[in-house]
$ cat target_23.pdb   # PDB, C-alpha atoms, pLDDT in the B column
ATOM      1  CA  MET A1395      18.329  37.444  13.849  1.00 64.00           C
ATOM      2  CA  THR A1396      14.832  35.950  13.635  1.00 79.00           C
ATOM      3  CA  ARG A1397      14.553  37.132  10.040  1.00 77.00           C
ATOM      4  CA  TRP A1398      17.760  35.251   9.080  1.00 77.00           C
ATOM      5  CA  ILE A1399      16.541  32.068  10.706  1.00 81.00           C
ATOM      6  CA  PHE A1400      13.241  32.406   8.856  1.00 75.00           C
ATOM      7  CA  LEU A1401      15.069  32.946   5.528  1.00 74.00           C
ATOM      8  CA  ILE A1402      17.332  29.936   6.127  1.00 79.00           C
ATOM      9  CA  ILE A1403      14.323  27.735   6.946  1.00 81.00           C
ATOM     10  CA  LEU A1404      12.506  29.040   3.861  1.00 76.00           C
ATOM     11  CA  PHE A1405      15.549  28.363   1.654  1.00 77.00           C
ATOM     12  CA  LEU A1406      16.020  24.820   3.027  1.00 80.00           C
ATOM     13  CA  THR A1407      12.322  24.072   2.553  1.00 82.00           C
ATOM     14  CA  ALA A1408      12.417  25.324  -1.055  1.00 77.00           C
ATOM     15  CA  ALA A1409      15.577  23.289  -1.724  1.00 76.00           C
ATOM     16  CA  GLY A1410      13.955  20.170  -0.251  1.00 74.00           C
ATOM     17  CA  VAL A1411      10.831  20.609  -2.387  1.00 71.00           C
ATOM     18  CA  ALA A1412      12.996  21.151  -5.492  1.00 71.00           C
ATOM     19  CA  VAL A1413      15.032  17.972  -4.861  1.00 69.00           C
ATOM     20  CA  TYR A1414      11.860  15.964  -4.153  1.00 66.00           C
ATOM     21  CA  GLY A1415      10.365  17.225  -7.429  1.00 66.00           C
ATOM     22  CA  TYR A1416      13.567  16.478  -9.335  1.00 59.00           C
ATOM     23  CA  LEU A1417      13.532  12.896  -8.026  1.00 63.00           C
ATOM     24  CA  GLY A1418       9.941  12.538  -9.268  1.00 64.00           C
ATOM     25  CA  GLY A1419       8.139  12.858  -5.968  1.00 60.00           C
ATOM     26  CA  PHE A1420       5.174  14.697  -7.481  1.00 61.00           C
ATOM     27  CA  ARG A1421       4.529  12.123 -10.208  1.00 70.00           C
ATOM     28  CA  LYS A1422       1.464   9.972  -9.725  1.00 79.00           C
ATOM     29  CA  PRO A1423       2.059   6.204  -9.932  1.00 82.00           C
ATOM     30  CA  GLU A1424       0.293   4.172 -12.609  1.00 84.00           C
ATOM     31  CA  ILE A1425      -1.943   1.496 -11.062  1.00 88.00           C
ATOM     32  CA  ALA A1426      -3.556  -1.518 -12.725  1.00 89.00           C
ATOM     33  CA  VAL A1427      -5.027  -4.850 -11.652  1.00 90.00           C
ATOM     34  CA  VAL A1428      -3.548  -7.478 -13.980  1.00 90.00           C
ATOM     35  CA  ASN A1429      -2.567 -11.133 -14.224  1.00 91.00           C
ATOM     36  CA  THR A1430       1.144 -11.864 -14.510  1.00 89.00           C
ATOM     37  CA  PRO A1431       1.584 -13.020 -18.119  1.00 90.00           C
ATOM     38  CA  LYS A1432       4.700 -15.155 -17.592  1.00 91.00           C
ATOM     39  CA  PRO A1433       6.856 -16.355 -14.721  1.00 91.00           C
ATOM     40  CA  ILE A1434       9.473 -13.964 -13.381  1.00 90.00           C
ATOM     41  CA  PHE A1435      12.769 -15.565 -12.382  1.00 90.00           C
ATOM     42  CA  LEU A1436      14.928 -14.092  -9.636  1.00 92.00           C
ATOM     43  CA  LEU A1437      18.474 -15.077  -8.781  1.00 90.00           C
ATOM     44  CA  GLY A1438      19.541 -14.165  -5.277  1.00 91.00           C
ATOM     45  CA  HIS A1439      19.455 -14.938  -1.560  1.00 90.00           C
ATOM     46  CA  TYR A1440      16.601 -15.665   0.831  1.00 92.00           C
ATOM     47  CA  TYR A1441      16.607 -13.682   4.062  1.00 90.00           C
ATOM     48  CA  LYS A1442      14.442 -13.827   7.162  1.00 88.00           C
ATOM     49  CA  GLY A1443      15.283 -11.729  10.175  1.00 85.00           C
ATOM     50  CA  SER A1444      15.743  -8.248  11.505  1.00 81.00           C
ATOM     51  CA  VAL A1445      16.158  -5.360   9.096  1.00 77.00           C
ATOM     52  CA  ARG A1446      18.819  -4.111  11.505  1.00 78.00           C
ATOM     53  CA  ASP A1447      20.871  -7.316  11.220  1.00 80.00           C
ATOM     54  CA  GLU A1448      24.258  -6.783   9.624  1.00 81.00           C
ATOM     55  CA  GLY A1449      23.560  -9.571   7.108  1.00 79.00           C
ATOM     56  CA  PHE A1450      20.560  -7.836   5.521  1.00 80.00           C
ATOM     57  CA  GLY A1451      22.094  -4.724   3.905  1.00 81.00           C
ATOM     58  CA  PRO A1452      24.977  -6.505   2.174  1.00 85.00           C
ATOM     59  CA  LEU A1453      22.540  -8.696   0.208  1.00 87.00           C
ATOM     60  CA  PHE A1454      21.428  -5.633  -1.780  1.00 84.00           C
ATOM     61  CA  ARG A1455      25.037  -4.562  -2.378  1.00 87.00           C
ATOM     62  CA  GLN A1456      26.028  -8.077  -3.453  1.00 87.00           C
ATOM     63  CA  ALA A1457      23.209  -8.157  -6.020  1.00 85.00           C
ATOM     64  CA  GLN A1458      24.271  -4.730  -7.300  1.00 87.00           C
ATOM     65  CA  GLN A1459      27.924  -5.828  -7.547  1.00 86.00           C
ATOM     66  CA  LEU A1460      26.958  -9.041  -9.332  1.00 84.00           C
ATOM     67  CA  ARG A1461      25.084  -6.983 -11.887  1.00 85.00           C
ATOM     68  CA  ALA A1462      27.738  -4.274 -12.192  1.00 83.00           C
ATOM     69  CA  SER A1463      30.511  -6.834 -12.729  1.00 83.00           C
ATOM     70  CA  GLY A1464      28.586  -8.334 -15.656  1.00 79.00           C
ATOM     71  CA  THR A1465      28.627 -11.782 -14.050  1.00 80.00           C
ATOM     72  CA  VAL A1466      24.843 -11.893 -14.272  1.00 83.00           C
ATOM     73  CA  ARG A1467      22.593  -9.814 -16.530  1.00 85.00           C
ATOM     74  CA  GLY A1468      19.397  -8.648 -14.854  1.00 85.00           C
ATOM     75  CA  GLU A1469      17.550  -5.947 -12.958  1.00 88.00           C
ATOM     76  CA  LEU A1470      17.641  -5.440  -9.198  1.00 89.00           C
ATOM     77  CA  ALA A1471      14.542  -6.936  -7.590  1.00 91.00           C
ATOM     78  CA  ASN A1472      13.163  -8.367  -4.357  1.00 91.00           C
ATOM     79  CA  ILE A1473      10.253 -10.560  -3.363  1.00 92.00           C
ATOM     80  CA  TYR A1474       8.880  -9.681   0.059  1.00 90.00           C
ATOM     81  CA  TYR A1475       6.747 -12.230   1.914  1.00 90.00           C
ATOM     82  CA  ASN A1476       5.461  -9.622   4.339  1.00 84.00           C
ATOM     83  CA  ASP A1477       4.578  -5.963   3.781  1.00 74.00           C
ATOM     84  CA  PRO A1478       7.883  -4.039   3.849  1.00 68.00           C
ATOM     85  CA  SER A1479       6.092  -0.714   4.275  1.00 63.00           C
ATOM     86  CA  LYS A1480       4.552  -1.920   7.545  1.00 68.00           C
ATOM     87  CA  THR A1481       7.373  -4.098   8.836  1.00 65.00           C
ATOM     88  CA  ARG A1482       9.395  -2.252  11.406  1.00 68.00           C
ATOM     89  CA  ASP A1483      11.821  -4.970  12.404  1.00 73.00           C
ATOM     90  CA  THR A1484      11.388  -8.424  10.852  1.00 81.00           C
ATOM     91  CA  VAL A1485      11.483  -9.012   7.132  1.00 86.00           C
ATOM     92  CA  GLU A1486      11.131 -12.135   5.010  1.00 89.00           C
ATOM     93  CA  ALA A1487      12.501 -11.582   1.527  1.00 89.00           C
ATOM     94  CA  PHE A1488      14.319 -12.932  -1.500  1.00 93.00           C
ATOM     95  CA  ILE A1489      16.849 -10.344  -2.665  1.00 92.00           C
ATOM     96  CA  GLY A1490      18.592 -10.420  -6.021  1.00 91.00           C
ATOM     97  CA  LEU A1491      18.159  -9.871  -9.736  1.00 90.00           C
ATOM     98  CA  ILE A1492      15.391 -10.588 -12.236  1.00 88.00           C
ATOM     99  CA  VAL A1493      16.902 -12.732 -14.967  1.00 87.00           C
ATOM    100  CA  ALA A1494      15.536 -13.781 -18.345  1.00 82.00           C
ATOM    101  CA  ASP A1495      15.617 -17.523 -17.612  1.00 75.00           C
ATOM    102  CA  THR A1496      17.291 -20.146 -15.440  1.00 73.00           C
ATOM    103  CA  THR A1497      19.593 -21.694 -18.040  1.00 74.00           C
ATOM    104  CA  SER A1498      21.445 -19.049 -20.045  1.00 74.00           C
ATOM    105  CA  GLN A1499      23.751 -17.666 -17.337  1.00 77.00           C
ATOM    106  CA  LYS A1500      26.302 -19.173 -14.989  1.00 79.00           C
ATOM    107  CA  VAL A1501      25.025 -19.021 -11.422  1.00 78.00           C
ATOM    108  CA  PRO A1502      27.414 -18.061  -8.609  1.00 82.00           C
ATOM    109  CA  ALA A1503      27.765 -20.914  -6.100  1.00 82.00           C
ATOM    110  CA  ASP A1504      25.837 -19.364  -3.203  1.00 85.00           C
ATOM    111  CA  TYR A1505      22.923 -17.997  -5.265  1.00 87.00           C
ATOM    112  CA  ARG A1506      19.530 -19.659  -5.795  1.00 89.00           C
ATOM    113  CA  TYR A1507      16.551 -19.159  -8.077  1.00 89.00           C
ATOM    114  CA  ARG A1508      13.029 -18.169  -7.065  1.00 91.00           C
ATOM    115  CA  THR A1509      10.039 -17.866  -9.355  1.00 89.00           C
ATOM    116  CA  PHE A1510       7.234 -15.337  -9.153  1.00 90.00           C
ATOM    117  CA  ALA A1511       4.554 -17.471 -10.811  1.00 89.00           C
ATOM    118  CA  ALA A1512       2.651 -16.647 -13.981  1.00 89.00           C
ATOM    119  CA  GLY A1513      -1.115 -16.192 -13.862  1.00 89.00           C
ATOM    120  CA  GLN A1514      -1.230 -14.488 -10.463  1.00 91.00           C
ATOM    121  CA  ARG A1515      -3.667 -11.633 -10.025  1.00 92.00           C
ATOM    122  CA  VAL A1516      -1.701  -8.582  -8.881  1.00 92.00           C
ATOM    123  CA  ILE A1517      -1.969  -4.874  -8.337  1.00 92.00           C
ATOM    124  CA  GLN A1518       0.751  -3.386 -10.502  1.00 91.00           C
ATOM    125  CA  ALA A1519       2.094  -0.007  -9.405  1.00 90.00           C
ATOM    126  CA  ARG A1520       4.679   1.826 -11.536  1.00 88.00           C
ATOM    127  CA  THR A1521       6.475   5.132 -11.359  1.00 82.00           C
ATOM    128  CA  THR A1522       9.363   6.825 -13.105  1.00 73.00           C
ATOM    129  CA  ALA A1523      10.381   8.470  -9.830  1.00 67.00           C
ATOM    130  CA  SER A1524      13.791   7.681  -8.383  1.00 63.00           C
ATOM    131  CA  TYR A1525      14.194   4.352  -6.604  1.00 62.00           C
ATOM    132  CA  LEU A1526      15.017   6.385  -3.485  1.00 62.00           C
ATOM    133  CA  ILE A1527      11.421   7.571  -3.124  1.00 61.00           C
ATOM    134  CA  ALA A1528       9.504   5.079  -5.280  1.00 65.00           C
ATOM    135  CA  PRO A1529       8.624   2.609  -2.469  1.00 69.00           C
ATOM    136  CA  ASN A1530       7.064   5.404  -0.417  1.00 74.00           C
ATOM    137  CA  MET A1531       4.866   6.247  -3.401  1.00 78.00           C
ATOM    138  CA  LEU A1532       4.001   2.760  -4.647  1.00 84.00           C
ATOM    139  CA  TYR A1533       3.018   0.946  -1.452  1.00 84.00           C
ATOM    140  CA  PRO A1534       0.449   3.563  -0.340  1.00 86.00           C
ATOM    141  CA  ALA A1535      -0.995   3.550  -3.889  1.00 87.00           C
ATOM    142  CA  ILE A1536      -1.342  -0.244  -3.729  1.00 89.00           C
ATOM    143  CA  GLU A1537      -3.019  -0.070  -0.314  1.00 88.00           C
ATOM    144  CA  GLU A1538      -5.443   2.601  -1.534  1.00 90.00           C
ATOM    145  CA  THR A1539      -6.319   0.633  -4.692  1.00 90.00           C
ATOM    146  CA  ALA A1540      -6.921  -2.542  -2.673  1.00 89.00           C
ATOM    147  CA  LYS A1541      -9.143  -0.615  -0.276  1.00 91.00           C
ATOM    148  CA  GLN A1542     -11.127   1.136  -3.025  1.00 91.00           C
ATOM    149  CA  GLN A1543     -11.681  -2.035  -5.050  1.00 90.00           C
ATOM    150  CA  LYS A1544     -12.208  -4.221  -1.965  1.00 91.00           C
ATOM    151  CA  LEU A1545      -9.302  -6.517  -2.834  1.00 91.00           C
ATOM    152  CA  LYS A1546      -7.423  -8.604  -0.284  1.00 91.00           C
ATOM    153  CA  LEU A1547      -3.624  -8.435  -0.414  1.00 90.00           C
ATOM    154  CA  ARG A1548      -1.753 -11.709   0.178  1.00 89.00           C
ATOM    155  CA  GLN A1549       1.335  -9.921   1.560  1.00 87.00           C
ATOM    156  CA  VAL A1550       3.593 -11.042  -1.297  1.00 91.00           C
ATOM    157  CA  TYR A1551       5.280  -8.204  -3.177  1.00 92.00           C
ATOM    158  CA  LEU A1552       7.725  -8.165  -6.077  1.00 92.00           C
ATOM    159  CA  GLU A1553       9.763  -4.972  -6.261  1.00 90.00           C
ATOM    160  CA  GLN A1554      11.767  -4.119  -9.359  1.00 89.00           C
ATOM    161  CA  PHE A1555      13.938  -1.031  -9.573  1.00 80.00           C
ATOM    162  CA  ALA A1556      15.176  -0.849 -13.141  1.00 75.00           C
ATOM    163  CA  GLU A1557      18.233   1.204 -13.982  1.00 72.00           C
ATOM    164  CA  GLU A1558      16.472   2.384 -17.126  1.00 74.00           C
ATOM    165  CA  GLY A1559      12.708   2.649 -16.995  1.00 74.00           C
ATOM    166  CA  PRO A1560      10.065   2.666 -14.281  1.00 81.00           C
ATOM    167  CA  SER A1561      10.235   1.219 -10.796  1.00 81.00           C
ATOM    168  CA  GLU A1562       7.488  -1.308 -10.213  1.00 88.00           C
ATOM    169  CA  VAL A1563       5.815  -3.215  -7.403  1.00 89.00           C
ATOM    170  CA  LEU A1564       3.520  -6.183  -8.009  1.00 92.00           C
ATOM    171  CA  ALA A1565       1.305  -6.992  -5.016  1.00 92.00           C
ATOM    172  CA  VAL A1566      -0.397 -10.385  -5.130  1.00 92.00           C
ATOM    173  CA  ILE A1567      -4.150 -10.313  -4.437  1.00 91.00           C
ATOM    174  CA  GLU A1568      -6.648 -13.090  -3.712  1.00 83.00           C
TER     175      GLU A1568
END
$ encode --input "target_23.pdb" --output "structure tokens"
Amino acid sequence: MTRWIFLIILFLTAAGVAVYGYLGGFRKPEIAVVNTPKPIFLLGHYYKGSVRDEGFGPLFRQAQQLRASGTVRGELANIYYNDPSKTRDTVEAFIGLIVADTTSQKVPADYRYRTFAAGQRVIQARTTASYLIAPNMLYPAIEETAKQQKLKLRQVYLEQFAEEGPSEVLAVIE
């Protein structure tokens, strides 16, 4: 009986490692310290409150549905005004889509624009891993880079999870 339990645990462990590898979990993120070359426009909703609040989760789904319906062309993105990897309960964020500009598309009535300004010095972290595991790879890489290069993070993060192409986090530094 013990042997069967051991084999089942071994099989489940191997399956977990295989899925993690398939999702890109063993890929190393690309890190660079850069200045944002142009403003990045987001269309979405501002949210401040508990991550457990029933109003938080639907904001992501609404942005996805807006994109999927073709009403707005853009990539899913968020601006966090506190570190989401360290926040256990309260989050301050702008959740929506990165759009090319603020004039070429019709804006749904309850949506607003936010701008991630040009010329900001940021740590840029990118990976081609799945969006399911990308945040757990990118935020620690940003923290490590800031620590190694003695940079101070301003706790403003732009996350972009492209359908095609790499996932990216820009962390504003002082």
$ resolve_selection --input "target_23.pdb" --expression "the PyMOL selection byres ((chain A and resi 1439) around 12)" --output "ChimeraX atom specification"
/A:1436-1438,1440-1442,1449-1457,1471-1474,1486-1491,1502-1508
$ write_last_selection --input "target_23.pdb" --atoms "C-alpha atoms" --output "short mmCIF file (atom, residue, chain, number, x, y, z; two decimals), in the frame of the given file"
data_model
loop_
_atom_site.label_atom_id
_atom_site.label_comp_id
_atom_site.auth_asym_id
_atom_site.auth_seq_id
_atom_site.Cartn_x
_atom_site.Cartn_y
_atom_site.Cartn_z
CA LEU A 1436 14.93 -14.09 -9.64
CA LEU A 1437 18.47 -15.08 -8.78
CA GLY A 1438 19.54 -14.16 -5.28
CA TYR A 1440 16.60 -15.66 0.83
CA TYR A 1441 16.61 -13.68 4.06
CA LYS A 1442 14.44 -13.83 7.16
CA GLY A 1449 23.56 -9.57 7.11
CA PHE A 1450 20.56 -7.84 5.52
CA GLY A 1451 22.09 -4.72 3.90
CA PRO A 1452 24.98 -6.50 2.17
CA LEU A 1453 22.54 -8.70 0.21
CA PHE A 1454 21.43 -5.63 -1.78
CA ARG A 1455 25.04 -4.56 -2.38
CA GLN A 1456 26.03 -8.08 -3.45
CA ALA A 1457 23.21 -8.16 -6.02
CA ALA A 1471 14.54 -6.94 -7.59
CA ASN A 1472 13.16 -8.37 -4.36
CA ILE A 1473 10.25 -10.56 -3.36
CA TYR A 1474 8.88 -9.68 0.06
CA GLU A 1486 11.13 -12.14 5.01
CA ALA A 1487 12.50 -11.58 1.53
CA PHE A 1488 14.32 -12.93 -1.50
CA ILE A 1489 16.85 -10.34 -2.66
CA GLY A 1490 18.59 -10.42 -6.02
CA LEU A 1491 18.16 -9.87 -9.74
CA PRO A 1502 27.41 -18.06 -8.61
CA ALA A 1503 27.76 -20.91 -6.10
CA ASP A 1504 25.84 -19.36 -3.20
CA TYR A 1505 22.92 -18.00 -5.26
CA ARG A 1506 19.53 -19.66 -5.80
CA TYR A 1507 16.55 -19.16 -8.08
CA ARG A 1508 13.03 -18.17 -7.06
#
$ residues_around --input "target_23.pdb" --residues "Pro1431 of chain A" --least-positions-apart "4" --cutoff "10 Å" --atoms "only C-alpha atoms" --output "PyMOL selection string"
chain A and resi 1511-1515
$ atom_distance --input "target_23.pdb" --atom1 "atom CA of Leu1406 of chain A" --atom2 "atom CA of Met1531 of chain A"
22.6 Å
$ resolve_selection --input "target_23.pdb" --expression "the PyMOL selection byres ((chain A and resi 1546) around 9)" --output "number ranges by chain"
A: 1540-1541, 1544-1545, 1547-1548, 1566-1568
$ write_last_selection --input "target_23.pdb" --atoms "C-alpha atoms" --output "CSV table (one decimal), in the coordinates of the input"
chain,number,residue,atom,x,y,z
A,1540,ALA,CA,-6.9,-2.5,-2.7
A,1541,LYS,CA,-9.1,-0.6,-0.3
A,1544,LYS,CA,-12.2,-4.2,-2.0
A,1545,LEU,CA,-9.3,-6.5,-2.8
A,1547,LEU,CA,-3.6,-8.4,-0.4
A,1548,ARG,CA,-1.8,-11.7,0.2
A,1566,VAL,CA,-0.4,-10.4,-5.1
A,1567,ILE,CA,-4.2,-10.3,-4.4
A,1568,GLU,CA,-6.6,-13.1,-3.7
$ resolve_selection --input "target_23.pdb" --expression "the PyMOL selection byres ((chain A and resi 1461-1468) around 7)" --output "number ranges by chain"
A: 1457-1460, 1469-1470, 1491-1493, 1499
$ atom_distance --input "target_23.pdb" --atom1 "atom CA of Ser1444 of chain A" --atom2 "atom CA of Gln1549 of chain A"
17.6 Å
$ atom_distance --input "target_23.pdb" --atom1 "atom CA of Gln1554 of chain A" --atom2 "atom CA of Thr1522 of chain A"
11.8 Å
$ residues_near_point --input "target_23.pdb" --point "(14.0, -4.0, 10.9)" --cutoff "8 Å" --atoms "all atoms listed in the file" --output "list in words"
Gly1443, Ser1444, Val1445, Arg1446, Asp1447, Thr1481, Arg1482, Asp1483, Thr1484 and Val1485 of chain A
